[in-house]
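K.L.:
Take this structure first; my questions come after.
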Amino acid sequence: MFKVLVSDPISDLGIQQLMDASDVVVDKKTGLSEDELIAIIGEYDGLLVRSQTTVTEKIIAAGTNLKVIGRAGVGVDNIKLEAATQRGVVVINAPDGNTITTCEHAFAMMMALARHIPQAYAKTINGVWDRKTFLGVELRGKTLGVLGMGRIGSEVAKRAKAFGMSILAYDPFLTADRAEKLEVKLASVDDIVRGADFITVHTPLTPETRHMISRPQFEVMKKGMRIVNCARGGVIDEMALVEAIDSGIVAGAAFDVFEKEPPQADHPFLSHPKIIVTPHLGASTVEAQENVAIDVSEQVLHILRNEPFINAVNIPPVAPSVMNKLQPYFTLGEKLGSFATQLTHGAISEINVEYAGDLSDVDTQPLTRYIVKGVLSRHFAGDVNIVNSMHLAKTRDVNVVVTKSPKTKGFTNLITVTLKADPDEVRLVAGTLLQGYGERIVQVNNFPVDIAPEGNQILISHNDKPGIIGLVGTLLGENDVNIASMQVGRKIVGGAAIMLLTVDKAVPQDVLVKLAGLPEINTAEEVILL
């Protein structure tokens, strides 16, 4: 008989399947202090929380029988993941339960924005009958730009089509085939910025998406467009948005999220007559709260019964013999994935991983998860981890193919990561562990190299002509960029070649543009491997 403790307020409907299970006893004890939890947690196999309970290292250490911690929601900031992993406790969340709720809130915000509903309501209840000020617009016939076509963005697009809107869709993993299935037009961010009447944002906040819509984007937008953000604060530059509204470029905005929450009392959004705000209510419905509890309860049952499960946010148990062999490769694998995806410009449709040498006779699934995490992290940031990476790839129709070979092309071990992207883009990066030297990148596309995968790097493709290295070194020196190491790869003298440099700091974009403009240089791209 398994025992599960529910330490936060969760409806009985949400955990009904746990309560009905013949092999599970459920205890609901809410409002417990850390000491009170520590005193009782040892008798439980599972712990189910929302956001109120902070599951500390001490609580996890005291949970000698704990097999699973379930978070009825998405965020797991209140659970010490590393401590749970070290104790072999699986932590799961419910990322899908609030999809429809957040989608509907975004659509409600868009409709309220189009018809000035909050502003009209405020005037009406204050005794002002004003039918002239609040002239709205129809959604029918308008173009909606959707930035981020994951679960929520796809649902928003589906509803917008029912309202007669045309959909421009961007997502770094949206291929032409998937766009066709979703019946949306595949577009770039620039296409959406220039062509949309409404824009709705559904992306994670990453270094690449932070302020992805700012002053340069507002300057080229349609006059009178409207913008909605129910995703993450910071994706849209808040101050630049206020300027765009005041200058007449943007007709209005609706935000459920802020860069800093709660916002300061003097935040301009809170007093602007053309901006609608709500206090991060995207997931706040009865149904969503029940759905996340239902989802996580189902997975808790699977884990307790030793059945297949999904939505874990920490590494599942791996046999010690396998872990000992694979662990030295985890960082290398993640960096290879990250390196490859930073070179890829189209929507990735396939991740091909080839293991050669002493990795060909072991279960490499845990290592593959690290590689896929490296590929996806550029666009998902902290939303991807070594357990959900395969699931996230599947939800974006990214095919993961693993092959093995005992032949290593001269290396004891070799990992080759090949990314295929729309329309016909292929990027390849291979790496190995060399005794005494550690992690090395040994191949980029068709060119052999030998360089450590670390820090800030510049990949330059060029024609193999005398003086190229000198030109590059001079330009970087003039721009205060110091070269730490350099590798040149070529197949034939005078033919196509690459130059891979490790530098001491991030390279400004204008310097990369200058590099690409040098004689005989084709491209110059920055790769950052933290």
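Scheme for the structure tokens: letters A, B, ... for chains in order shown; per-chain residue numbers from 1; ligand numbers from 1 in order shown.
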Can you list, as JSON, numbers by chain, every protein, DNA or RNA residue that comes within 8 Å of A:Ala62 when you count only C-alpha atoms, leaving out same-chain residues fewer than 4 positions away?

P.N.:
{"A": [38, 39, 41, 42, 58]}

K.L.:
Between A:Ile310, A:Ala381, A:Met323, A:Ala120, which residue has the minimum interatomic distance to A:Lys274, considering only C-alpha atoms?

P.N.:
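Checking each candidate against A:Lys274, we get A:Ala120 as the closest.
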
K.L.:
Can you measure atom CA of A:Asp27 to atom CA of A:Ser7 for me? One decimal in Å is fine.

P.N.:
8.5 Å

K.L.:
Residues of stretch 47-186 of chain A in strand (DSSP E) according to DSSP, as JSON, numbers by chain?

P.N.:
{"A": [47, 48, 49, 68, 69, 70, 71, 90, 91, 92, 143, 144, 145, 146, 147, 166, 167, 168, 169, 170, 185, 186]}

K.L.:
When DSSP works through the backbone of this structure, what residues of stretch 66-251 of chain A end up as helix (DSSP H, G or I), shown as JSON, numbers by chain?

P.N.:
{"A": [81, 82, 83, 84, 85, 86, 99, 100, 101, 102, 103, 104, 105, 106, 107, 108, 109, 110, 111, 112, 113, 114, 115, 117, 118, 119, 120, 121, 122, 123, 124, 125, 151, 152, 153, 154, 155, 156, 157, 158, 159, 160, 161, 162, 176, 177, 178, 179, 180, 181, 182, 189, 190, 191, 192, 193, 194, 195, 215, 216, 217, 218, 238, 239, 240, 241, 242, 243, 244, 245, 246]}

K.L.:
Would you mind listing what lies within 6 Å of A:Ala94 as a ChimeraX atom specification, with only C-alpha atoms counted and same-chain residues fewer than 3 positions away left out?

P.N.:
/A:73-74,97,292,295-296

K.L.:
Between A:Gly346, A:Pro263, A:Gly495, A:Gly382, which has the minimum distance to A:Phe173 (counting only C-alpha atoms)?

P.N.:
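Once distances to A:Phe173 are computed over only C-alpha atoms, the minimum belongs to A:Gly346.
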
K.L.:
Point out the residue among A:Gly489, A:Gly333, A:Gly75, A:Pro406 with the least atom-to-atom distance to A:Leu359, counting only C-alpha atoms.

P.N.:
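Of A:Gly489, A:Gly333, A:Gly75, A:Pro406, the one nearest A:Leu359, counting only C-alpha atoms, is A:Pro406.
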
K.L.:
When you count only C-alpha atoms, which of these residues is closest to A:Met149: A:Val90, A:Leu304, A:Ala231, A:Ile351?

P.N.:
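Selected residue with least distance to A:Met149: A:Ala231.
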
K.L.:
Quick one: everything within 12 Å of A:Ala61, counting only C-alpha atoms, minus sequence neighbours fewer than 6 positions away in the same chain. Send it as a count of residues only.

P.N.:
16

K.L.:
Give the answer as one residue: which of A:Val362, A:Met19, A:Val189, A:Ala244 has the shortest atom-to-atom distance to A:Ser321, using only C-alpha atoms?

P.N.:
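Using only C-alpha atoms, A:Ser321 sits closest to A:Val362.
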
K.L.:
Could you pull the residues within 10 Å of A:Gly145, counting only C-alpha atoms, minus those fewer than 6 positions along the same chain, as a PyMOL selection string?

P.N.:
chain A and resi 157+165-170+184-185+187-189+191-201+227
